[in-house]
Each structure stands twice: as structure tokens, then as C-alpha cells.
$ cat query-v4.txt   # compact mmCIF, N, CA and C atoms
# COMPACT_ATOMS: atom_id res chain seq x y z
N MET P 30 1.39 1.74 -26.84
CA MET P 30 1.04 1.26 -25.52
C MET P 30 1.40 2.33 -24.51
N ILE P 31 0.45 2.64 -23.66
CA ILE P 31 0.68 3.63 -22.61
C ILE P 31 0.25 3.01 -21.29
N ILE P 32 1.14 3.07 -20.31
CA ILE P 32 0.82 2.64 -18.95
C ILE P 32 0.91 3.87 -18.07
N THR P 33 -0.21 4.19 -17.42
CA THR P 33 -0.30 5.39 -16.61
C THR P 33 -0.60 5.02 -15.16
N ILE P 34 0.27 5.44 -14.25
CA ILE P 34 -0.02 5.27 -12.83
C ILE P 34 -0.89 6.45 -12.41
N LEU P 35 -2.08 6.14 -11.96
CA LEU P 35 -3.05 7.16 -11.58
C LEU P 35 -2.92 7.48 -10.09
N PRO P 36 -3.54 8.56 -9.64
CA PRO P 36 -3.37 8.98 -8.24
C PRO P 36 -3.76 7.89 -7.23
N SER P 37 -2.99 7.85 -6.16
CA SER P 37 -3.30 6.93 -5.07
C SER P 37 -4.33 7.59 -4.16
N SER P 38 -4.88 6.79 -3.26
CA SER P 38 -5.82 7.35 -2.28
C SER P 38 -5.88 6.43 -1.08
N ALA P 39 -6.43 6.93 -0.01
CA ALA P 39 -6.59 6.13 1.21
C ALA P 39 -7.91 5.38 1.20
N ASN P 40 -8.89 5.87 0.43
CA ASN P 40 -10.22 5.26 0.47
C ASN P 40 -10.57 4.43 -0.76
N PHE P 41 -9.58 4.15 -1.61
CA PHE P 41 -9.77 3.31 -2.78
C PHE P 41 -10.92 3.79 -3.67
N HIS P 42 -10.87 5.09 -3.98
CA HIS P 42 -11.91 5.66 -4.84
C HIS P 42 -11.90 5.05 -6.24
N ALA P 43 -10.79 4.44 -6.66
CA ALA P 43 -10.74 3.81 -7.99
C ALA P 43 -11.71 2.63 -8.08
N VAL P 44 -11.95 1.97 -6.97
CA VAL P 44 -12.93 0.87 -6.97
C VAL P 44 -14.32 1.43 -7.27
N ALA P 45 -14.69 2.50 -6.59
CA ALA P 45 -16.01 3.11 -6.83
C ALA P 45 -16.11 3.61 -8.27
N TYR P 46 -15.05 4.22 -8.77
CA TYR P 46 -15.04 4.72 -10.14
C TYR P 46 -15.26 3.58 -11.14
N ASN P 47 -14.52 2.50 -11.00
CA ASN P 47 -14.65 1.39 -11.94
C ASN P 47 -15.98 0.66 -11.79
N GLU P 48 -16.44 0.48 -10.57
CA GLU P 48 -17.73 -0.18 -10.36
C GLU P 48 -18.88 0.66 -10.92
N MET P 49 -18.76 1.99 -10.84
CA MET P 49 -19.77 2.87 -11.44
C MET P 49 -19.80 2.66 -12.96
N LYS P 50 -18.62 2.51 -13.56
CA LYS P 50 -18.54 2.26 -15.01
C LYS P 50 -19.19 0.93 -15.36
N VAL P 51 -19.02 -0.08 -14.51
CA VAL P 51 -19.64 -1.39 -14.73
C VAL P 51 -21.16 -1.25 -14.68
N GLU P 52 -21.66 -0.54 -13.66
CA GLU P 52 -23.11 -0.35 -13.51
C GLU P 52 -23.71 0.34 -14.73
N LYS P 53 -22.98 1.25 -15.33
CA LYS P 53 -23.46 1.99 -16.50
C LYS P 53 -23.22 1.25 -17.81
N GLY P 54 -22.62 0.05 -17.74
CA GLY P 54 -22.36 -0.73 -18.95
C GLY P 54 -21.17 -0.24 -19.74
N MET P 55 -20.31 0.57 -19.12
CA MET P 55 -19.16 1.14 -19.80
C MET P 55 -17.86 0.42 -19.45
N ALA P 56 -17.96 -0.62 -18.61
CA ALA P 56 -16.79 -1.39 -18.21
C ALA P 56 -17.24 -2.79 -17.80
N THR P 57 -16.26 -3.69 -17.76
CA THR P 57 -16.49 -5.08 -17.35
C THR P 57 -15.38 -5.47 -16.40
N LEU P 58 -15.74 -6.17 -15.34
CA LEU P 58 -14.71 -6.71 -14.45
C LEU P 58 -14.11 -7.93 -15.14
N LEU P 59 -12.86 -7.81 -15.56
CA LEU P 59 -12.18 -8.92 -16.24
C LEU P 59 -11.64 -9.95 -15.26
N GLU P 60 -11.12 -9.47 -14.14
CA GLU P 60 -10.45 -10.38 -13.22
C GLU P 60 -10.48 -9.83 -11.80
N ALA P 61 -10.68 -10.73 -10.87
CA ALA P 61 -10.58 -10.41 -9.44
C ALA P 61 -9.75 -11.52 -8.81
N GLN P 62 -8.73 -11.13 -8.07
CA GLN P 62 -7.87 -12.12 -7.41
C GLN P 62 -7.72 -11.80 -5.94
N ASN P 63 -7.77 -12.84 -5.14
CA ASN P 63 -7.46 -12.75 -3.71
C ASN P 63 -8.35 -11.77 -2.95
N ILE P 64 -9.60 -11.71 -3.32
CA ILE P 64 -10.58 -10.90 -2.59
C ILE P 64 -11.22 -11.86 -1.58
N ILE P 65 -10.51 -12.07 -0.50
CA ILE P 65 -10.86 -13.09 0.49
C ILE P 65 -12.13 -12.68 1.27
N GLY P 66 -13.05 -13.62 1.39
CA GLY P 66 -14.25 -13.39 2.19
C GLY P 66 -15.41 -12.81 1.40
N LEU P 67 -15.22 -12.51 0.13
CA LEU P 67 -16.31 -12.00 -0.71
C LEU P 67 -16.46 -12.89 -1.94
N ARG P 68 -17.68 -13.29 -2.21
CA ARG P 68 -17.95 -14.02 -3.44
C ARG P 68 -18.22 -13.00 -4.55
N GLN P 69 -17.77 -13.29 -5.75
CA GLN P 69 -17.88 -12.32 -6.84
C GLN P 69 -19.32 -11.87 -7.07
N GLU P 70 -20.27 -12.77 -6.91
CA GLU P 70 -21.67 -12.38 -7.13
C GLU P 70 -22.18 -11.41 -6.07
N SER P 71 -21.46 -11.28 -4.96
CA SER P 71 -21.89 -10.34 -3.91
C SER P 71 -21.06 -9.06 -3.89
N TYR P 72 -20.20 -8.86 -4.89
CA TYR P 72 -19.38 -7.65 -4.93
C TYR P 72 -20.27 -6.42 -5.07
N THR P 73 -19.96 -5.44 -4.26
CA THR P 73 -20.52 -4.10 -4.43
C THR P 73 -19.34 -3.14 -4.30
N SER P 74 -19.53 -1.95 -4.76
CA SER P 74 -18.49 -0.96 -4.67
C SER P 74 -18.04 -0.78 -3.22
N GLU P 75 -18.99 -0.65 -2.32
CA GLU P 75 -18.64 -0.40 -0.92
C GLU P 75 -17.95 -1.61 -0.28
N LYS P 76 -18.41 -2.82 -0.56
CA LYS P 76 -17.77 -4.01 0.01
C LYS P 76 -16.34 -4.16 -0.49
N LEU P 77 -16.12 -3.89 -1.78
CA LEU P 77 -14.78 -3.99 -2.35
C LEU P 77 -13.86 -2.91 -1.77
N ARG P 78 -14.36 -1.69 -1.68
CA ARG P 78 -13.56 -0.61 -1.09
C ARG P 78 -13.18 -0.95 0.35
N GLN P 79 -14.15 -1.45 1.11
CA GLN P 79 -13.88 -1.80 2.51
C GLN P 79 -12.87 -2.94 2.60
N PHE P 80 -13.00 -3.92 1.70
CA PHE P 80 -12.02 -5.02 1.69
C PHE P 80 -10.61 -4.46 1.50
N PHE P 81 -10.41 -3.60 0.51
CA PHE P 81 -9.08 -3.06 0.24
C PHE P 81 -8.57 -2.19 1.40
N MET P 82 -9.46 -1.43 2.01
CA MET P 82 -9.03 -0.61 3.16
C MET P 82 -8.64 -1.50 4.34
N ASP P 83 -9.43 -2.55 4.60
CA ASP P 83 -9.10 -3.48 5.69
C ASP P 83 -7.78 -4.20 5.39
N TYR P 84 -7.63 -4.69 4.17
CA TYR P 84 -6.41 -5.38 3.78
C TYR P 84 -5.20 -4.45 3.96
N SER P 85 -5.33 -3.22 3.53
CA SER P 85 -4.22 -2.27 3.57
C SER P 85 -3.90 -1.79 4.98
N SER P 86 -4.82 -1.94 5.90
CA SER P 86 -4.61 -1.46 7.28
C SER P 86 -3.53 -2.27 8.00
N ARG P 87 -3.08 -3.37 7.42
CA ARG P 87 -2.00 -4.15 8.05
C ARG P 87 -0.68 -3.39 8.05
N ASN P 88 -0.59 -2.30 7.27
CA ASN P 88 0.60 -1.44 7.28
C ASN P 88 0.13 -0.01 7.50
N THR P 89 0.32 0.48 8.71
CA THR P 89 -0.16 1.82 9.06
C THR P 89 0.75 2.93 8.56
N HIS P 90 1.91 2.59 8.02
CA HIS P 90 2.85 3.60 7.51
C HIS P 90 2.50 4.07 6.11
N ILE P 91 1.69 3.30 5.40
CA ILE P 91 1.31 3.68 4.04
C ILE P 91 0.00 4.46 4.12
N GLN P 92 0.06 5.74 3.82
CA GLN P 92 -1.11 6.61 3.94
C GLN P 92 -2.11 6.41 2.81
N ASN P 93 -1.64 6.33 1.58
CA ASN P 93 -2.50 6.19 0.41
C ASN P 93 -2.17 4.87 -0.27
N ALA P 94 -2.83 3.82 0.17
CA ALA P 94 -2.46 2.47 -0.24
C ALA P 94 -2.97 2.07 -1.62
N GLN P 95 -3.89 2.82 -2.17
CA GLN P 95 -4.42 2.45 -3.49
C GLN P 95 -3.33 2.55 -4.57
N PHE P 96 -3.22 1.50 -5.38
CA PHE P 96 -2.36 1.51 -6.57
C PHE P 96 -3.29 1.31 -7.75
N HIS P 97 -3.41 2.34 -8.59
CA HIS P 97 -4.36 2.37 -9.70
C HIS P 97 -3.60 2.66 -10.98
N VAL P 98 -3.73 1.77 -11.95
CA VAL P 98 -2.98 1.88 -13.20
C VAL P 98 -3.93 1.69 -14.37
N ALA P 99 -3.72 2.48 -15.42
CA ALA P 99 -4.44 2.30 -16.68
C ALA P 99 -3.45 1.82 -17.73
N VAL P 100 -3.83 0.81 -18.48
CA VAL P 100 -3.02 0.30 -19.59
C VAL P 100 -3.87 0.48 -20.84
N SER P 101 -3.37 1.28 -21.78
CA SER P 101 -4.18 1.59 -22.97
C SER P 101 -3.34 1.49 -24.24
N CYS P 102 -4.04 1.45 -25.34
CA CYS P 102 -3.40 1.39 -26.65
C CYS P 102 -4.17 2.28 -27.61
N LYS P 103 -3.61 2.49 -28.77
CA LYS P 103 -4.27 3.29 -29.80
C LYS P 103 -5.34 2.43 -30.46
N GLY P 104 -6.58 2.92 -30.42
CA GLY P 104 -7.68 2.19 -31.05
C GLY P 104 -7.80 0.77 -30.54
N ASN P 105 -7.84 -0.17 -31.47
CA ASN P 105 -7.95 -1.58 -31.13
C ASN P 105 -6.65 -2.32 -31.41
N GLU P 106 -5.54 -1.61 -31.29
CA GLU P 106 -4.23 -2.19 -31.56
C GLU P 106 -4.02 -3.48 -30.76
N TYR P 107 -4.50 -3.49 -29.52
CA TYR P 107 -4.47 -4.67 -28.66
C TYR P 107 -5.88 -4.96 -28.18
N THR P 108 -6.20 -6.25 -28.03
CA THR P 108 -7.48 -6.64 -27.45
C THR P 108 -7.41 -6.44 -25.94
N HIS P 109 -8.56 -6.50 -25.28
CA HIS P 109 -8.55 -6.42 -23.83
C HIS P 109 -7.78 -7.60 -23.23
N GLN P 110 -7.87 -8.77 -23.86
CA GLN P 110 -7.12 -9.93 -23.37
C GLN P 110 -5.61 -9.70 -23.49
N GLN P 111 -5.17 -9.12 -24.58
CA GLN P 111 -3.75 -8.82 -24.74
C GLN P 111 -3.30 -7.77 -23.72
N LEU P 112 -4.14 -6.77 -23.48
CA LEU P 112 -3.82 -5.77 -22.46
C LEU P 112 -3.75 -6.42 -21.07
N LEU P 113 -4.61 -7.39 -20.84
CA LEU P 113 -4.59 -8.12 -19.57
C LEU P 113 -3.27 -8.87 -19.41
N ASP P 114 -2.80 -9.51 -20.47
CA ASP P 114 -1.51 -10.21 -20.42
C ASP P 114 -0.37 -9.23 -20.15
N ILE P 115 -0.40 -8.08 -20.80
CA ILE P 115 0.61 -7.04 -20.57
C ILE P 115 0.55 -6.56 -19.12
N ALA P 116 -0.65 -6.38 -18.62
CA ALA P 116 -0.84 -5.93 -17.24
C ALA P 116 -0.21 -6.91 -16.25
N HIS P 117 -0.40 -8.18 -16.49
CA HIS P 117 0.18 -9.18 -15.58
C HIS P 117 1.70 -9.14 -15.60
N ARG P 118 2.29 -8.96 -16.76
CA ARG P 118 3.75 -8.84 -16.84
C ARG P 118 4.21 -7.57 -16.10
N TYR P 119 3.49 -6.49 -16.30
CA TYR P 119 3.81 -5.23 -15.63
C TYR P 119 3.73 -5.37 -14.11
N LEU P 120 2.63 -5.96 -13.63
CA LEU P 120 2.46 -6.14 -12.19
C LEU P 120 3.58 -6.99 -11.60
N LYS P 121 3.99 -8.02 -12.32
CA LYS P 121 5.09 -8.86 -11.84
C LYS P 121 6.38 -8.05 -11.73
N GLU P 122 6.68 -7.27 -12.76
CA GLU P 122 7.91 -6.45 -12.75
C GLU P 122 7.88 -5.40 -11.64
N MET P 123 6.70 -4.89 -11.33
CA MET P 123 6.56 -3.85 -10.30
C MET P 123 6.43 -4.42 -8.89
N GLY P 124 6.36 -5.75 -8.75
CA GLY P 124 6.28 -6.37 -7.43
C GLY P 124 4.87 -6.51 -6.89
N TYR P 125 3.87 -6.46 -7.77
CA TYR P 125 2.47 -6.56 -7.34
C TYR P 125 1.81 -7.87 -7.77
N ALA P 126 2.62 -8.91 -8.00
CA ALA P 126 2.06 -10.19 -8.45
C ALA P 126 2.37 -11.31 -7.46
N GLU P 127 2.62 -10.95 -6.22
CA GLU P 127 2.95 -11.96 -5.22
C GLU P 127 1.70 -12.74 -4.82
N GLU P 128 1.92 -13.95 -4.37
CA GLU P 128 0.83 -14.80 -3.89
C GLU P 128 0.05 -14.06 -2.80
N GLY P 129 -1.26 -13.97 -2.96
CA GLY P 129 -2.12 -13.31 -1.98
C GLY P 129 -2.40 -11.84 -2.25
N GLN P 130 -1.73 -11.26 -3.25
CA GLN P 130 -1.95 -9.84 -3.57
C GLN P 130 -3.36 -9.66 -4.17
N PRO P 131 -4.22 -8.87 -3.53
CA PRO P 131 -5.55 -8.66 -4.10
C PRO P 131 -5.50 -7.71 -5.29
N LEU P 132 -6.34 -7.97 -6.28
CA LEU P 132 -6.39 -7.04 -7.39
C LEU P 132 -7.69 -7.19 -8.16
N LEU P 133 -8.06 -6.09 -8.77
CA LEU P 133 -9.22 -6.02 -9.66
C LEU P 133 -8.74 -5.46 -10.99
N ILE P 134 -9.20 -6.05 -12.09
CA ILE P 134 -8.85 -5.54 -13.41
C ILE P 134 -10.14 -5.38 -14.21
N TYR P 135 -10.33 -4.16 -14.72
CA TYR P 135 -11.53 -3.80 -15.45
C TYR P 135 -11.19 -3.44 -16.89
N ALA P 136 -12.00 -3.90 -17.84
CA ALA P 136 -11.90 -3.46 -19.23
C ALA P 136 -12.91 -2.33 -19.42
N HIS P 137 -12.47 -1.22 -19.98
CA HIS P 137 -13.35 -0.09 -20.23
C HIS P 137 -13.73 -0.05 -21.70
N HIS P 138 -14.99 0.33 -21.94
CA HIS P 138 -15.54 0.39 -23.30
C HIS P 138 -16.06 1.79 -23.61
N ASP P 139 -15.56 2.80 -22.91
CA ASP P 139 -16.14 4.14 -23.01
C ASP P 139 -15.33 5.10 -23.87
N THR P 140 -14.28 4.63 -24.51
CA THR P 140 -13.50 5.47 -25.41
C THR P 140 -13.18 4.65 -26.67
N PRO P 141 -12.73 5.29 -27.71
CA PRO P 141 -12.36 4.53 -28.92
C PRO P 141 -11.08 3.72 -28.75
N ASN P 142 -10.35 3.94 -27.67
CA ASN P 142 -9.11 3.21 -27.41
C ASN P 142 -9.35 2.11 -26.38
N ASN P 143 -8.97 0.88 -26.71
CA ASN P 143 -9.06 -0.19 -25.73
C ASN P 143 -8.17 0.15 -24.54
N HIS P 144 -8.70 -0.03 -23.36
CA HIS P 144 -7.89 0.19 -22.16
C HIS P 144 -8.47 -0.58 -20.98
N ILE P 145 -7.58 -0.85 -20.02
CA ILE P 145 -7.99 -1.53 -18.81
C ILE P 145 -7.50 -0.73 -17.61
N HIS P 146 -8.15 -0.96 -16.49
CA HIS P 146 -7.75 -0.34 -15.22
C HIS P 146 -7.45 -1.45 -14.23
N ILE P 147 -6.37 -1.26 -13.50
CA ILE P 147 -5.95 -2.20 -12.46
C ILE P 147 -6.04 -1.48 -11.12
N VAL P 148 -6.63 -2.14 -10.14
CA VAL P 148 -6.67 -1.59 -8.78
C VAL P 148 -6.12 -2.66 -7.85
N THR P 149 -5.13 -2.27 -7.05
CA THR P 149 -4.59 -3.15 -6.02
C THR P 149 -4.11 -2.28 -4.86
N SER P 150 -3.47 -2.91 -3.92
CA SER P 150 -2.96 -2.20 -2.75
C SER P 150 -1.44 -2.12 -2.82
N ARG P 151 -0.89 -1.03 -2.32
CA ARG P 151 0.57 -0.89 -2.22
C ARG P 151 1.13 -1.71 -1.06
N VAL P 152 0.25 -2.36 -0.32
CA VAL P 152 0.68 -3.21 0.80
C VAL P 152 0.86 -4.64 0.29
N HIS P 153 2.04 -5.17 0.53
CA HIS P 153 2.40 -6.54 0.17
C HIS P 153 1.62 -7.50 1.06
N PRO P 154 1.34 -8.71 0.59
CA PRO P 154 0.63 -9.67 1.45
C PRO P 154 1.28 -9.94 2.81
N THR P 155 2.58 -9.70 2.93
CA THR P 155 3.26 -9.86 4.23
C THR P 155 3.08 -8.64 5.13
N GLY P 156 2.49 -7.56 4.59
CA GLY P 156 2.29 -6.35 5.36
C GLY P 156 3.34 -5.29 5.09
N THR P 157 4.35 -5.61 4.30
CA THR P 157 5.39 -4.63 3.99
C THR P 157 4.96 -3.78 2.81
N ARG P 158 5.77 -2.80 2.49
CA ARG P 158 5.48 -1.89 1.37
C ARG P 158 5.75 -2.60 0.06
$ encode --input "query-v4.txt" --output "C-alpha cells"
Amino acid sequence: MIITILPSSANFHAVAYNEMKVEKGMATLLEAQNIIGLRQESYTSEKLRQFFMDYSSRNTHIQNAQFHVAVSCKGNEYTHQQLLDIAHRYLKEMGYAEEGQPLLIYAHHDTPNNHIHIVTSRVHPTGTR
């Protein structure tokens, strides 16, 4: 099991990256939480990126609010559902599982190793870090 914290950004480029993978059939959106004001059937890369930037703007001290994590395993050692369960435990331990915390979790199918990507904001629902 490998958990990798990927680079942060101010413009939530991880959303565009993962949505591009979905469009190409190389990923699936497994879970979306607390994406207020958007219905899942109307999600687009740009609407999701804008949502995260607007949400994160409640704390102007955080320059690169994107929190992007990959959780992977060797081959099919874990299913995507098992990786999702691990991701939720990880997010809780890291303080990213609070009520109202927006997040997107994608399963990727583009490598021989099962892996998922998590995108959320470093801004807490209360506006703190």
C-alpha cells in the first residue's frame, strides 16, 4: 500500500486531470461529497474546479488549497472499494473527514495497479486550515 500526497495548487488542476481521465474512460468517479449547489449529473471539470476555488476562498491565507492524494497497491492486491475504505480512514486521521468537507474520489483504470485519487481542499469547513 502506498499513499502519495501529490502537489497542491491554487487552481485545483487535479480536478481537471481526473475528469479528463473519466472522459477518456480511464477513471470513474467513485464518490463526491459536499459539492453544494451542483448536481452530479451536471458536473464538469470547470464547474468542479470553480466550486473548489470558491469554497477555498473562505481562507485567504492558504495559497495552494488543493489537497490531492493517490492511494495505490501492487496489482489487484486491494479492490477499488477496499482502497476507498482505506482512503476514508486516512482522511479521518489527517483531519479531512469533517462534516461539510468537500471531496472527490476517483478510481483509475489506466495502470496494472489498482489506485484511487482523492481531491479535497486544505480549507476546513469552518474556514480554518
$ residues_near_point --input "query-v4.txt" --point "(-8.9, 0.9, -9.4)" --cutoff "6.5 Å" --atoms "only N, CA and C atoms" --output "short mmCIF file (atom, residue, chain, number, x, y, z; two decimals) with N, CA and C atoms, in the coordinates of the input"
data_model
loop_
_atom_site.label_atom_id
_atom_site.label_comp_id
_atom_site.auth_asym_id
_atom_site.auth_seq_id
_atom_site.Cartn_x
_atom_site.Cartn_y
_atom_site.Cartn_z
N HIS P 42 -10.87 5.09 -3.98
CA HIS P 42 -11.91 5.66 -4.84
C HIS P 42 -11.90 5.05 -6.24
N ALA P 43 -10.79 4.44 -6.66
CA ALA P 43 -10.74 3.81 -7.99
C ALA P 43 -11.71 2.63 -8.08
N VAL P 44 -11.95 1.97 -6.97
CA VAL P 44 -12.93 0.87 -6.97
C VAL P 44 -14.32 1.43 -7.27
N ASN P 47 -14.52 2.50 -11.00
CA ASN P 47 -14.65 1.39 -11.94
C ASN P 47 -15.98 0.66 -11.79
N PHE P 96 -3.22 1.50 -5.38
CA PHE P 96 -2.36 1.51 -6.57
C PHE P 96 -3.29 1.31 -7.75
N HIS P 97 -3.41 2.34 -8.59
CA HIS P 97 -4.36 2.37 -9.70
C HIS P 97 -3.60 2.66 -10.98
N VAL P 98 -3.73 1.77 -11.95
CA VAL P 98 -2.98 1.88 -13.20
C VAL P 98 -3.93 1.69 -14.37
N HIS P 146 -8.15 -0.96 -16.49
CA HIS P 146 -7.75 -0.34 -15.22
C HIS P 146 -7.45 -1.45 -14.23
N ILE P 147 -6.37 -1.26 -13.50
CA ILE P 147 -5.95 -2.20 -12.46
C ILE P 147 -6.04 -1.48 -11.12
N VAL P 148 -6.63 -2.14 -10.14
CA VAL P 148 -6.67 -1.59 -8.78
C VAL P 148 -6.12 -2.66 -7.85
N THR P 149 -5.13 -2.27 -7.05
CA THR P 149 -4.59 -3.15 -6.02
C THR P 149 -4.11 -2.28 -4.86
#
$ axis_aligned_box --input "query-v4.txt" --around "region 97-110 of chain P" --padding-each-side "6 Å" --output "JSON"
{"center_x": -5.8, "center_y": -3.3, "center_z": -20.1, "size_x": 17.6, "size_y": 25.2, "size_z": 35.0}
$ atom_distance --input "query-v4.txt" --atom1 "atom N of Lys103 (chain P)" --atom2 "atom N of Ala126 (chain P)"
24.5 Å
$ select_by_dssp --input "query-v4.txt" --residues "region 44-155 of chain P" --states "strand (DSSP E)" --output "list in words"
Ala56, Thr57, Leu58, Leu59, Glu60, Ala61, Gln62, Gln95, Phe96, His97, Val98, Ala99, Val100, Ser101, Leu132, Leu133, Ile134, Tyr135, Ala136, His137, His144, Ile145, His146, Ile147, Val148, Thr149 and Ser150 of chain P
$ residues_around --input "query-v4.txt" --residues "His153 (chain P)" --least-positions-apart "3" --cutoff "8 Å" --atoms "only C-alpha atoms" --output "PDB file with N, CA and C atoms, in the frame of the given file"
ATOM      1  N   TYR P 125       3.870  -6.460  -7.770  1.00  0.00           N
ATOM      2  CA  TYR P 125       2.470  -6.560  -7.340  1.00  0.00           C
ATOM      3  C   TYR P 125       1.810  -7.870  -7.770  1.00  0.00           C
ATOM      4  N   GLU P 127       2.620 -10.950  -6.220  1.00  0.00           N
ATOM      5  CA  GLU P 127       2.950 -11.960  -5.220  1.00  0.00           C
ATOM      6  C   GLU P 127       1.700 -12.740  -4.820  1.00  0.00           C
ATOM      7  N   GLN P 130      -1.730 -11.260  -3.250  1.00  0.00           N
ATOM      8  CA  GLN P 130      -1.950  -9.840  -3.570  1.00  0.00           C
ATOM      9  C   GLN P 130      -3.360  -9.660  -4.170  1.00  0.00           C
ATOM     10  N   SER P 150      -3.470  -2.910  -3.920  1.00  0.00           N
ATOM     11  CA  SER P 150      -2.960  -2.200  -2.750  1.00  0.00           C
ATOM     12  C   SER P 150      -1.440  -2.120  -2.820  1.00  0.00           C
ATOM     13  N   GLY P 156       2.490  -7.560   4.590  1.00  0.00           N
ATOM     14  CA  GLY P 156       2.290  -6.350   5.360  1.00  0.00           C
ATOM     15  C   GLY P 156       3.340  -5.290   5.090  1.00  0.00           C
ATOM     16  N   THR P 157       4.350  -5.610   4.300  1.00  0.00           N
ATOM     17  CA  THR P 157       5.390  -4.630   3.990  1.00  0.00           C
ATOM     18  C   THR P 157       4.960  -3.780   2.810  1.00  0.00           C
ATOM     19  N   ARG P 158       5.770  -2.800   2.490  1.00  0.00           N
ATOM     20  CA  ARG P 158       5.480  -1.890   1.370  1.00  0.00           C
ATOM     21  C   ARG P 158       5.750  -2.600   0.060  1.00  0.00           C
TER      22      ARG P 158
END
$ closest_atom_pairs --input "query-v4.txt" --of "region 82-117 of chain P" --to "region 63-78 of chain P" --cutoff "12 Å" --atoms "only C-alpha atoms" --output "CSV"
residue,atom,partner,partner_atom,distance
P:Met82,CA,P:Arg78,CA,6.2
P:Asp83,CA,P:Arg78,CA,8.6
P:Tyr84,CA,P:Ile64,CA,9.4
P:Ser85,CA,P:Arg78,CA,10.6
P:Ala94,CA,P:Arg78,CA,11.6
P:Gln95,CA,P:Arg78,CA,9.9
$ residues_around --input "query-v4.txt" --residues "Asp139 (chain P)" --least-positions-apart "5" --cutoff "8 Å" --atoms "only N, CA and C atoms" --output "list in words"
Gly54, Met55, Ala56 and His144 of chain P
$ closest_residue --input "query-v4.txt" --among "P:Arg151, P:His90, P:Lys121, P:His137" --to "Leu58 (chain P)" --atoms "only N, CA and C atoms"
P:His137
$ atom_distance --input "query-v4.txt" --atom1 "atom C of Gln62 (chain P)" --atom2 "CA of Pro154 (chain P)"
11.4 Å
$ build_atoms --input "query-v4.txt" --residues "region 113-119 of chain P" --atoms "all heavy atoms" --output "CSV table (one decimal), keeping the file's coordinate frame"
chain,number,residue,atom,x,y,z
P,113,LEU,N,-4.6,-7.4,-20.8
P,113,LEU,CA,-4.6,-8.1,-19.6
P,113,LEU,C,-3.3,-8.9,-19.4
P,113,LEU,O,-2.7,-8.8,-18.3
P,113,LEU,CB,-5.8,-9.1,-19.5
P,113,LEU,CG,-5.9,-9.9,-18.2
P,113,LEU,CD1,-6.2,-9.0,-17.0
P,113,LEU,CD2,-7.1,-10.9,-18.4
P,114,ASP,N,-2.8,-9.5,-20.5
P,114,ASP,CA,-1.5,-10.2,-20.4
P,114,ASP,C,-0.4,-9.2,-20.2
P,114,ASP,O,0.5,-9.5,-19.3
P,114,ASP,CB,-1.3,-11.0,-21.7
P,114,ASP,CG,-2.2,-12.1,-22.0
P,114,ASP,OD1,-2.9,-12.6,-21.0
P,114,ASP,OD2,-2.4,-12.5,-23.1
P,115,ILE,N,-0.4,-8.1,-20.8
P,115,ILE,CA,0.6,-7.0,-20.6
P,115,ILE,C,0.6,-6.6,-19.1
P,115,ILE,O,1.6,-6.4,-18.5
P,115,ILE,CB,0.4,-5.9,-21.6
P,115,ILE,CG1,0.8,-6.4,-23.0
P,115,ILE,CG2,1.2,-4.7,-21.2
P,115,ILE,CD1,0.3,-5.4,-24.1
P,116,ALA,N,-0.6,-6.4,-18.6
P,116,ALA,CA,-0.8,-5.9,-17.2
P,116,ALA,C,-0.2,-6.9,-16.2
P,116,ALA,O,0.4,-6.5,-15.3
P,116,ALA,CB,-2.3,-5.7,-16.9
P,117,HIS,N,-0.4,-8.2,-16.5
P,117,HIS,CA,0.2,-9.2,-15.6
P,117,HIS,C,1.7,-9.1,-15.6
P,117,HIS,O,2.3,-9.2,-14.5
P,117,HIS,CB,-0.3,-10.6,-15.9
P,117,HIS,CG,-1.7,-10.8,-15.4
P,117,HIS,ND1,-2.0,-10.9,-14.0
P,117,HIS,CD2,-2.9,-11.0,-16.0
P,117,HIS,CE1,-3.3,-11.1,-13.9
P,117,HIS,NE2,-3.8,-11.2,-15.0
P,118,ARG,N,2.3,-9.0,-16.8
P,118,ARG,CA,3.8,-8.8,-16.8
P,118,ARG,C,4.2,-7.6,-16.1
P,118,ARG,O,5.2,-7.6,-15.4
P,118,ARG,CB,4.2,-8.8,-18.3
P,118,ARG,CG,4.1,-10.2,-19.0
P,118,ARG,CD,4.9,-10.3,-20.2
P,118,ARG,NE,4.7,-9.2,-21.2
P,118,ARG,CZ,3.8,-9.2,-22.2
P,118,ARG,NH1,3.0,-10.3,-22.4
P,118,ARG,NH2,3.7,-8.2,-23.0
P,119,TYR,N,3.5,-6.5,-16.3
P,119,TYR,CA,3.8,-5.2,-15.6
P,119,TYR,C,3.7,-5.4,-14.1
P,119,TYR,O,4.6,-5.0,-13.4
P,119,TYR,CB,2.9,-4.1,-16.1
P,119,TYR,CG,3.0,-2.8,-15.4
P,119,TYR,CD1,4.0,-1.9,-15.7
P,119,TYR,CD2,2.1,-2.5,-14.4
P,119,TYR,CE1,4.2,-0.7,-15.1
P,119,TYR,CE2,2.2,-1.2,-13.7
P,119,TYR,CZ,3.3,-0.4,-14.1
P,119,TYR,OH,3.4,0.8,-13.4
